[in-house]
Every structure is written in structure tokens, then in C-alpha cells.
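Okay, structure first, notes after.
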Amino acid sequence: MNTVFAIAGVVIKELYRRKDFYVLFVLSALITIGAGSINFFKDLAMVRYVKDVCLLLIWLSTLAIAVMTTARQIPSEKENRTIFPLLAKPVSRVQFIVGKFLGCWLAVGLAVLVFYVFFIIVTAAKGGEFYFAAYAKTIVLHWLMLGIVIAMTLLGSVIFAAVSSNATICLVAILGILFVGEHLNKIAVRQPEPMKSITYTIYYLIPHLEMYDVRNLVVNNKQMPDLIACVKATLYAGAYMSLFLFSTWYVFRRQRLNV
Amino acid sequence: MKKASPILIFCLLGSLVFTLATLTEAEFSKLRAAQAGQGAFTKLLGDGRRLFSGQAVAMADVYLHSGFYPSIFDSVEKKGEKAISNTDEADDHSQHKHDEHGNCMHEEDHSAHKHDADGKCVHGAGEEDHDEEHEKAMSFMGKPRDPLDALIRNFRVTQHSHLENGEEREVIPWLKLAIELNPQAVETYAVTSFWLRKNLKRVEDARGVLREGIRNNPKSFELLFAMGLIYEQDDKNDEKARNIWLAAKRFWEDQSVDAKEVSLDSYGKITVNLAHLETEAGNLKLAIQYYELTKLTSPQPDSIQKQIDSIKSRLSGVTAPTGELTP
């Protein structure tokens with residue numbers, strides 16, 4: 001396990017050494033503060049649109065960080081040929097994959113935490129109320145969703161040749177799931193056979209990332225899902241993460257490491 | 001060839017830049033003056049910004065429903081009129097009292113609803129209860145289709161509710177954005193003014209929005225009508241209301257035949273309010289004329305005729321029988 005954490009530690013260090021996070025954070029902060037400082041009829045109590053804008057930017061930024069950080073992990077190790085000494089040591093390919101995943105997930109988790117701290121500060125500054133349990137659930141659900149995204153991108157990084165193609169394909173798939181995933185069952189029932197069965201199969205196969213998007217509940221101060229629903233969502237995320245990680249290992253275990 | 005000194009090249013380029021700047025400054029200042037009144041979105045998106053105006057209004061509607069809103073994938077046939085567009089016409093029914101016979105007791109905006117032959121209030125388009133219609137339109141979710149759908153619904157807003165107790169203010173930023181995106185969308189001004197005036201009690205802000213709308217759409221009879229309502233209901237200034245509604249009536253009449261056909265409802269609202277104003281002022285003959293005009297556009301001409309008869313009987317000194325509609 002120490003080996004896994006050692007690999008994960010390197011990934012975390014890489015995130016805070018790179019500029020991606022800082023750039024996206026500053027950009028999100030500037031846009032949010034800009035939106036928050038607009039004066040609508042001298043009414044300072046309008047807070048929901050600021051929450052909405054801020055949460056949207058957090059989602060976009062963290063998705064970009066998660067995909068970009070993960071997509072370059074294995075290819076960069078191969079390109080720099082650092083993968084050879086790494087695997088020459090008593091590090092198995094499973095440990096390598098799990099370490100990379102854990103590192104990316106923890107690093108992105110830190111980024112998510114920083115973003116949400118900013119969100120809470122902005123909301124409080126605009127007079128919004130602070131709901132600890134609700135925000136905690138929001139952060140955890142968001143982090144779980146990013147776990148699936150990272151596992152999916154890691155699988156992509158052992159399938160696709162280039163970082164750019166992997167990142168693009170993963171982002172398109174993720175955005176597709178976020179926009180349409182939830183509605184595939186509605187689309188399916190309107191289709192004739194065999195399209196109906198095919199669409200329904202896709203509906204059940206894809207990881208429903210949009211389930212973890214509770215921005216609407218946060219923005220509109222609605223009650224968050226209960227603990228049982230959150231546990232189910234955690235198990236669901238865990239299952240998909242395991243599936244993607246297993247698939248990554250399966251492809252990677254006999255893969256040639258020469259570029 | 002002798003090599004030129006970098007300092008000399010720098011000075012040459014510097015003076016070239018300075019000369020060009022002085023030459024082009026006049027052109028740029030003209031361009032800046034032309035764009036002075038334009039907002040950030042106009043500068044960024046140009047005329048393309050109008051495409052997003054409807055989206056901003058839809059966002060306001062989403063907020064009004066506290067996030068409970070049908071997506072494009074939900075049954076299209078279940079989509080009803082936007083609740084955000086509940087201007088006086090649709091929403092005013094809840095804002096006035098009724099006597100024990102169900103007759104309308106308020107004496108303000110008589111365009112807000114129609115009346116049956118007995119003077120009882122009847123709702124607007126389709127003459128069905130608006131709230132019931134709206135509830136029907138918003139029952140798009142239904143039961144979960146499968147276990148996964150049931151799980152996902154734990155993370156969604158599943159109850160239909162509207163913002164209240166001053167929280168309606170949250171829709172204003174989106175409406176303001178919609179105005180900036182499309183200054184020619186007359187309805188957006190009317191809707192924004194409605195929410196500011198009726199729910200947030202910010203009459204002056206509502207007036208400001210309508211003034212901006214009239215500035216951008218000088219011949220908009222809808223906005224002039226809404227402005228007239230502010231003068232009549234909030235300022236209690238019947239004279240100004242009358243003048244503004246007369247201007248609105250004139251602008252409506254100046255339209256092409258096709259445009260008139262699609263805005264008959266607006267004409268009815270203007271004339272019925274003018275009729276009511278003249279009745280209040282005791283100009284009964286003029287009131288009858290306006291009611292006659294209203295009758296031409298009303299889906300319920302009988303109820304209007306009843307009011308005309310009532311005024312005629314007042315004119316001839318005959319007392320109206322008990323239970324008869326009084327405007």
C-alpha cells in the first residue's frame with residue numbers, strides 16, 4: 001500500500017507544481033466576483049445567480065483539471081521513459097494504476113475543496129445561508145463523480161495513443177452523459193425496436209455522472225438527498241471506478257511500454 | 001552595409017507608432033462614440049446575442065419554479081405557458097376580492113380578466129383556470145420509469161413550487177440579462193416590470209424598466225399600456241394613465257392589418273381600461289364607445305354588452321337591478 005501512496009504523492013505534487021489549477025481558479029474567481037458585483041436595482045440580496053455561475057465554473061474547472069491531469073499521467077511516464085525504472089522496482093502494474101488513480105483523485109479532491117471554500121465565502125458575502133451538511137454532501141458527491149471521470153480517463157490513456165485525443169474523447173463523452181444521460185430512457189420509449197432496446201442498454205451501461213450534479217438543489221436551497229441515497233450513489237460510483245480501473249489494468253498488464 | 005543602431009531602430013518604430021496613433025485616433029473616437037451606449041454583451045456577441053435572450057427568460061422561469069422545470073426531453077405537449085410571463089393578464093385574478101356572488105370587487109385593472117354575463121370573473125385564454133392549467137403543464141415528471149430513474153430522482157428537485165415571500169427577486173438578474181441580450185423583446189420589459197411592481201413593490205424600478213423599454217421600442221403599445229397601469233394603480237393619476245393609454249391605442253391602430261390581428265388582445269386590454277377609466281370619471285358616453293371597441297375584440301362580447309347596457313341604463317336614469325355588473 002505504501003508503494004501506491006508513494007506514486008499518489010508524486011501525482012499530488014505534480015498538480016500543485018503545474019499552473020492548470022491556479023489559472024482555472026483565478027479565472028473562476030474573477031468571473032464569479034464580476035458576476036457578484038453586478039448591481040440589480042440596488043438589491044444586494046439576489047444570490048442565486050451568483051451561486052449558479054460559481055457552481056457552473058467549479059464544475060467546468062474541476063472536470064478540465066481531472067481529465068487533463070489524468071490523461072497525461074501514463075503517456076508522460078512512457079515518453080520520459082520514467083516508467084521503466086518505476087516498474088523495474090518492486091512496483092506491479094496494478095499498484096502503478098491504482099497509485100496514479102488515487103493520486104489524481106486526491107489531487108482533484110484538494111482542488112474541489114479549495115473551489116468550494118471559495119464558493120462558500122462568496123455565498124456568505126452575498127448574504128446566502130451556510131448549510132454545512134448540504135455543502136458536505138455536495139462536495140462528496142462532486143468528488144465521487146470526479147472519481148468515475150478519472151478512472152474513465154485513465155482507461156482512455158491506455159487505449160488512445162495521444163493525450164489530446166484521449167482528453168477530447170473523454171470530455172465529449174462526459175459532457176454527453178451530463179447533458180443527455182439522464183434522459184436516454186425518455187428517448188428510448190419513443191423509439192421503435194430495435195432502437196428502443198439499444199438506447200435502453202446504453203442508458204443502463206453508461207455511468208450516470210449527472211446523478212451527482214446537485215447544483216440545482218444547492219442553488220434553490222432545496223433539501224439534499226438523504227443518507228441512504230448518498231450511500232447508494234457512493235456504491236454506484238465505486239462500482240464504476242472498479243470496473244474502469246480493472247479494465248485499465250487488463251489492457252495495461254501486457255501493453256508494450258515503448259512509445 | 002553599415003549596421004543600424006538598435007536605439008535608432010527603437011526610436012524610428014516608436015515615432016511610427018505615435019504617428020499612426022494620432023492619425024487613427026479620430027476614427028477610433030467616432031467608433032467608440034457609436035458604441036458608447038452598448039453593453040458588454042453587445043460588444044462581445046453583436047446581434048447574435050438575441051439568440052440567447054429566450055434562454056435567459058427560461059432561466060428566470062426555472063428559478064421561479066425553484067429548479068423544478070421540464071427539460072427539452074420531457075414531453076413537449078406538457079409544456080405550458082411560462083409562469084414567469086404571468087403578467088397582470090394572467091395573474092391578477094388572485095389579487096382582487098370577490099363578493100359572495102363571485103362578482104369581481106376590485107376596481108383596478110379590468111383587463112386582467114374577463115367577466116361572464118352575470119359579472120363573475122372568468123379567466124383568460126381558454127377560459128380555464130390558469131393555476132390548474134399550469135399545474136397540469138408542470139406534472140411532466142410522472143412516476144419513475146425504472147430503478148435507476150428512481151435513484152437519480154433523489155438528487156433532483158421533484159416538487160413543483162414557486163418562489164414567494166420576496167424571493168421572487170431572484171428572477172430579476174436573468175430578466176435584466178434577457179433585456180440586455182435583446183432590447184427589442186417587448187414582453188421581457190413587461191414581465192420584469194410586473195415582477196418588480198406586483199411582487200417586490202418596487203414601483204420606481206418597474207417604471208424605470210418600462211421607460212427603458214419605451215426608449216428602445218417607442219411604438220410599443222404593450223409597454224405604454226403597462227406604464228399606464230403604473231400611473232393608474234400606483235400613482236392614482238388617471239389623467240396620465242388616460243393619455244398614455246390613448247397613445248397606446250393610437251399606436252395599435254397605426255399597425256398593419258396582420259399585426260393588428262395578432263395583437264387584438266392588447267387592444268381589448270387598452271380599450272377596456274379606458275372604458276373603466278371613463279366610467280369612473282363619469283364620462284359615460286365615452287365609456288360606452290370604448291366598451292363597443294372592446295366588444296369587437298372580446299371573446300365574450302355578451303358580458304361586455306351587459307356592461308354597456310348597465311351604463312346606458314345609468315345614462316337614462318334607470319337604476320341597475322341588483323346583482324347586475326357594475327364596472
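Numbering starts fresh at 1 for the residues of each chain in the C-alpha cells, the chains themselves are lettered A, B, ... in the order given, and ligands are numbered from 1 as they appear.
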Counting only C-alpha atoms, what is within 12 Å of Thr192 in chain B, bar same-chain residues fewer than 5 positions away, as a VMD selection string? (chain A and resid 40 to 41) or (chain B and resid 57 60 to 61 84 to 88 168 to 179 185 to 187 197 to 200 202 to 203 205 to 210 212 to 213 223 226)
Could you turn the residues from that selection into a file that holds C-alpha atoms, as a compact mmCIF listing (two decimals), in the first residue's frame?
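out07.txt was written with the following content:
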# COMPACT_ATOMS: atom_id res chain seq x y z
CA PHE A 40 -29.52 44.85 -10.00
CA PHE A 41 -31.81 47.67 -8.82
CA VAL B 57 -36.01 34.22 -19.74
CA ALA B 60 -35.77 33.13 -14.82
CA ASP B 61 -38.67 30.69 -15.16
CA ILE B 84 -42.71 33.93 -15.46
CA SER B 85 -44.91 35.51 -18.12
CA ASN B 86 -47.75 35.80 -15.62
CA THR B 87 -48.23 39.46 -16.18
CA ASP B 88 -51.34 41.25 -15.00
CA GLU B 168 -39.11 36.37 -6.45
CA ARG B 169 -36.28 38.89 -6.67
CA GLU B 170 -34.03 36.02 -7.72
CA VAL B 171 -35.59 36.01 -11.20
CA ILE B 172 -34.69 39.65 -11.82
CA PRO B 173 -31.00 39.18 -12.79
CA TRP B 174 -31.98 36.79 -15.59
CA LEU B 175 -34.74 39.07 -16.83
CA LYS B 176 -32.35 42.02 -16.81
CA LEU B 177 -29.86 39.92 -18.76
CA ALA B 178 -32.61 38.98 -21.23
CA ILE B 179 -33.33 42.69 -21.76
CA ALA B 185 -38.15 41.88 -26.83
CA VAL B 186 -41.07 43.93 -25.56
CA GLU B 187 -42.52 41.15 -23.43
CA ARG B 197 -44.12 46.12 -9.21
CA LYS B 198 -46.51 43.43 -8.08
CA ASN B 199 -44.29 41.12 -6.09
CA LEU B 200 -41.38 43.24 -4.96
CA ARG B 202 -40.56 48.40 -6.42
CA VAL B 203 -42.73 50.71 -8.47
CA ASP B 205 -37.71 50.40 -10.65
CA ALA B 206 -40.62 48.97 -12.64
CA ARG B 207 -41.22 52.40 -14.12
CA GLY B 208 -37.51 52.65 -15.00
CA VAL B 209 -37.61 49.31 -16.80
CA LEU B 210 -40.67 50.35 -18.80
CA GLU B 212 -36.03 51.89 -20.97
CA GLY B 213 -38.32 49.59 -22.95
CA LEU B 223 -45.27 48.85 -22.81
CA ALA B 226 -48.11 48.65 -18.73
Please report, as a tab-separated table, each residue of chain A lying at most 9 Å from chain B, together with the nearest pair of atoms and the separation in Å rounded to one decimal; use only C-alpha atoms, and order rows by chain and ascending residue number.
residue	atom	partner	partner_atom	distance
A:Phe40	CA	B:Pro173	CA	6.5
A:Phe41	CA	B:Asp205	CA	6.8
A:Asp43	CA	B:Arg169	CA	8.4
A:Ala45	CA	B:Arg169	CA	8.1
A:Met46	CA	B:Glu170	CA	5.4
A:Val47	CA	B:Glu170	CA	7.1
A:Arg48	CA	B:Glu170	CA	6.3
A:Tyr49	CA	B:Pro173	CA	7.2
A:Val180	CA	B:Phe73	CA	8.7
A:Glu182	CA	B:Asp149	CA	7.7
A:His183	CA	B:Phe73	CA	6.4
A:Leu184	CA	B:Phe73	CA	8.8
A:Asn185	CA	B:Arg145	CA	7.7
A:Lys186	CA	B:Phe73	CA	6.9
A:Ile187	CA	B:Phe73	CA	7.2
A:Tyr204	CA	B:Leu148	CA	8.0
A:His208	CA	B:Ile152	CA	8.5
A:Glu210	CA	B:Ile152	CA	8.4
A:Met211	CA	B:Ile152	CA	5.4
A:Tyr212	CA	B:Phe155	CA	7.2
A:Asp213	CA	B:Phe155	CA	7.5
A:Val214	CA	B:Phe155	CA	6.0
A:Asn216	CA	B:Gly67	CA	5.9
A:Leu217	CA	B:Val157	CA	6.4
A:Val219	CA	B:Gly67	CA	8.3
A:Asn220	CA	B:Ser66	CA	5.4
A:Asn221	CA	B:Ser66	CA	8.3
A:Lys222	CA	B:Val157	CA	7.2
A:Gln223	CA	B:Val157	CA	8.6
A:Met224	CA	B:Phe155	CA	7.1
A:Pro225	CA	B:Asn154	CA	5.5
A:Asp226	CA	B:Asn154	CA	7.8
A:Ala229	CA	B:Asn154	CA	6.5
A:Cys230	CA	B:Asn154	CA	8.8
A:Lys232	CA	B:Leu151	CA	8.0
A:Ala233	CA	B:Leu151	CA	8.1
Keeping N, CA and C atoms for every residue in the selection just given, could you write it to a file as a short mmCIF file (atom, residue, chain, number, x, y, z; two decimals), in the first residue's frame?
data_model
loop_
_atom_site.label_atom_id
_atom_site.label_comp_id
_atom_site.auth_asym_id
_atom_site.auth_seq_id
_atom_site.Cartn_x
_atom_site.Cartn_y
_atom_site.Cartn_z
N PHE A 40 -28.20 44.86 -9.37
CA PHE A 40 -29.52 44.85 -10.00
C PHE A 40 -30.50 45.63 -9.13
N PHE A 41 -30.83 46.81 -9.52
CA PHE A 41 -31.81 47.67 -8.82
C PHE A 41 -31.45 47.86 -7.34
N ASP A 43 -30.45 45.96 -5.22
CA ASP A 43 -30.89 44.87 -4.34
C ASP A 43 -29.71 43.91 -4.17
N ALA A 45 -29.61 41.36 -2.14
CA ALA A 45 -29.99 40.03 -1.64
C ALA A 45 -30.14 38.98 -2.74
N MET A 46 -29.90 39.37 -3.99
CA MET A 46 -30.01 38.38 -5.07
C MET A 46 -28.73 37.54 -5.09
N VAL A 47 -28.87 36.29 -4.71
CA VAL A 47 -27.67 35.47 -4.52
C VAL A 47 -27.66 34.22 -5.41
N ARG A 48 -28.84 33.81 -5.85
CA ARG A 48 -28.90 32.51 -6.55
C ARG A 48 -28.13 32.51 -7.86
N TYR A 49 -28.19 33.61 -8.60
CA TYR A 49 -27.49 33.61 -9.89
C TYR A 49 -25.97 33.55 -9.67
N VAL A 180 -27.26 14.40 -21.66
CA VAL A 180 -28.29 13.50 -22.21
C VAL A 180 -28.52 12.25 -21.37
N GLU A 182 -29.29 11.23 -18.43
CA GLU A 182 -30.48 11.09 -17.61
C GLU A 182 -31.75 10.91 -18.44
N HIS A 183 -31.71 11.40 -19.68
CA HIS A 183 -32.93 11.42 -20.50
C HIS A 183 -32.98 10.28 -21.52
N LEU A 184 -31.97 9.44 -21.51
CA LEU A 184 -31.94 8.37 -22.52
C LEU A 184 -33.15 7.45 -22.41
N ASN A 185 -33.62 7.22 -21.18
CA ASN A 185 -34.80 6.35 -21.03
C ASN A 185 -36.05 6.98 -21.65
N LYS A 186 -36.13 8.32 -21.55
CA LYS A 186 -37.29 9.01 -22.16
C LYS A 186 -37.19 8.93 -23.69
N ILE A 187 -35.96 9.05 -24.18
CA ILE A 187 -35.76 8.97 -25.64
C ILE A 187 -36.07 7.54 -26.09
N TYR A 204 -28.43 2.02 -19.42
CA TYR A 204 -28.01 1.25 -18.24
C TYR A 204 -26.48 1.08 -18.18
N HIS A 208 -23.83 7.19 -14.83
CA HIS A 208 -24.68 8.39 -14.80
C HIS A 208 -24.03 9.48 -13.93
N GLU A 210 -24.37 12.58 -14.23
CA GLU A 210 -25.29 13.69 -13.94
C GLU A 210 -26.03 13.49 -12.62
N MET A 211 -26.05 12.25 -12.14
CA MET A 211 -26.72 11.98 -10.86
C MET A 211 -26.07 12.77 -9.73
N TYR A 212 -24.76 12.99 -9.84
CA TYR A 212 -24.01 13.65 -8.78
C TYR A 212 -24.07 15.17 -8.87
N ASP A 213 -24.77 15.64 -9.88
CA ASP A 213 -24.89 17.08 -10.09
C ASP A 213 -26.08 17.62 -9.28
N VAL A 214 -25.78 18.10 -8.09
CA VAL A 214 -26.87 18.59 -7.23
C VAL A 214 -26.85 20.12 -7.16
N ASN A 216 -28.60 22.22 -8.76
CA ASN A 216 -29.96 22.76 -8.73
C ASN A 216 -30.49 22.80 -7.30
N LEU A 217 -30.18 21.76 -6.53
CA LEU A 217 -30.64 21.71 -5.13
C LEU A 217 -29.94 22.78 -4.30
N VAL A 219 -28.48 25.63 -5.39
CA VAL A 219 -28.85 26.99 -5.82
C VAL A 219 -30.23 27.36 -5.28
N ASN A 220 -31.16 26.41 -5.34
CA ASN A 220 -32.54 26.72 -4.94
C ASN A 220 -32.83 26.38 -3.48
N ASN A 221 -31.78 26.16 -2.70
CA ASN A 221 -31.92 25.88 -1.25
C ASN A 221 -32.90 24.74 -0.98
N LYS A 222 -32.84 23.70 -1.78
CA LYS A 222 -33.73 22.56 -1.59
C LYS A 222 -33.04 21.51 -0.72
N GLN A 223 -33.88 20.63 -0.17
CA GLN A 223 -33.33 19.60 0.70
C GLN A 223 -32.43 18.64 -0.09
N MET A 224 -31.28 18.33 0.51
CA MET A 224 -30.34 17.43 -0.16
C MET A 224 -30.81 15.99 -0.02
N PRO A 225 -30.31 15.09 -0.88
CA PRO A 225 -30.72 13.68 -0.78
C PRO A 225 -30.35 13.08 0.58
N ASP A 226 -31.16 12.12 1.02
CA ASP A 226 -30.89 11.53 2.34
C ASP A 226 -29.64 10.63 2.30
N ALA A 229 -29.69 7.46 0.01
CA ALA A 229 -29.47 7.77 -1.41
C ALA A 229 -27.99 8.07 -1.67
N CYS A 230 -27.37 8.76 -0.71
CA CYS A 230 -25.93 9.09 -0.88
C CYS A 230 -25.08 7.82 -0.83
N LYS A 232 -26.08 4.82 -1.69
CA LYS A 232 -26.32 4.13 -2.97
C LYS A 232 -25.48 4.76 -4.08
N ALA A 233 -25.43 6.10 -4.09
CA ALA A 233 -24.65 6.81 -5.10
C ALA A 233 -23.16 6.49 -4.94
#
Which of range 5-237 of chain A end up as helix (DSSP H, G or I) when DSSP is run on this backbone - answer as a PyMOL selection string? chain A and resi 5-17+20-36+48-71+73-79+83-88+93-125+132-159+163-189+195-205+209-212+215-219+227-237
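Pairwise distance (CA of Cys170 in chain A, CA of Val149 in chain A) equals 8.2 Å.
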Just the residues within 12 Å of Thr69 in chain A, please, counting only C-alpha atoms, with nothing from its chain fewer than 2 positions along; format it as JSON, numbers by chain. {"A": [11, 12, 13, 14, 15, 16, 17, 18, 19, 20, 21, 61, 62, 63, 64, 65, 66, 67, 71, 72, 73, 74, 75, 76, 100, 101, 103, 104, 105, 106, 107, 108, 111, 146, 149, 150, 151, 153, 154, 157, 163, 164, 166, 167]}
Length of the CA of Gln289 in chain B to CA of Ile308 in chain B vector [Å]: 8.9 Å
Nearest to Asp309 in chain B among B:Ser15, B:Leu296, B:Leu284, B:Phe194, with distances taken over only C-alpha atoms: which residue is it?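 Counting only C-alpha atoms, the residue closest to Asp309 in chain B is B:Leu284.
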Write out as a ChimeraX atom specification the residues lying within 8 Å of Thr138 in chain A, counting only C-alpha atoms and excluding same-chain residues fewer than 4 positions away. /A:134,142,214-215,218
Arg250 in chain B: which residues within 12 Å, counting only C-alpha atoms, same-chain residues fewer than 5 positions away excluded, as a PyMOL selection string? chain B and resi 219-222+224-225+243-245+255+260+267+270-271
For those residues, write C-alpha atoms to a file as a short mmCIF file (atom, residue, chain, number, x, y, z; two decimals), in the first residue's frame.
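Saved the output as part-v2.cif:
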data_model
loop_
_atom_site.label_atom_id
_atom_site.label_comp_id
_atom_site.auth_asym_id
_atom_site.auth_seq_id
_atom_site.Cartn_x
_atom_site.Cartn_y
_atom_site.Cartn_z
CA LYS B 219 -44.16 52.44 -30.64
CA SER B 220 -44.80 49.57 -28.27
CA PHE B 221 -48.43 49.78 -27.19
CA GLU B 222 -47.85 46.88 -24.76
CA LEU B 224 -47.34 52.02 -22.90
CA PHE B 225 -50.26 50.03 -21.56
CA ASN B 243 -53.07 59.96 -22.02
CA ILE B 244 -50.70 57.02 -22.11
CA TRP B 245 -53.43 54.52 -22.95
CA GLN B 255 -50.22 48.96 -37.29
CA LYS B 260 -53.46 44.09 -35.61
CA TYR B 267 -56.28 46.32 -27.98
CA ILE B 270 -56.32 49.07 -23.66
CA THR B 271 -59.92 49.86 -24.56
#
Counting only C-alpha atoms, what is within 10 Å of Thr32 in chain A, bar same-chain residues fewer than 4 positions away, as a VMD selection string? chain A and resid 26 to 28 36 to 37 49 to 57 118 to 119 122
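For the residues B:Leu16, B:Arg242, B:Asp47, B:Pro183, ranking by smallest atom-to-atom distance to Arg215 in chain B using only C-alpha atoms places B:Pro183 first.
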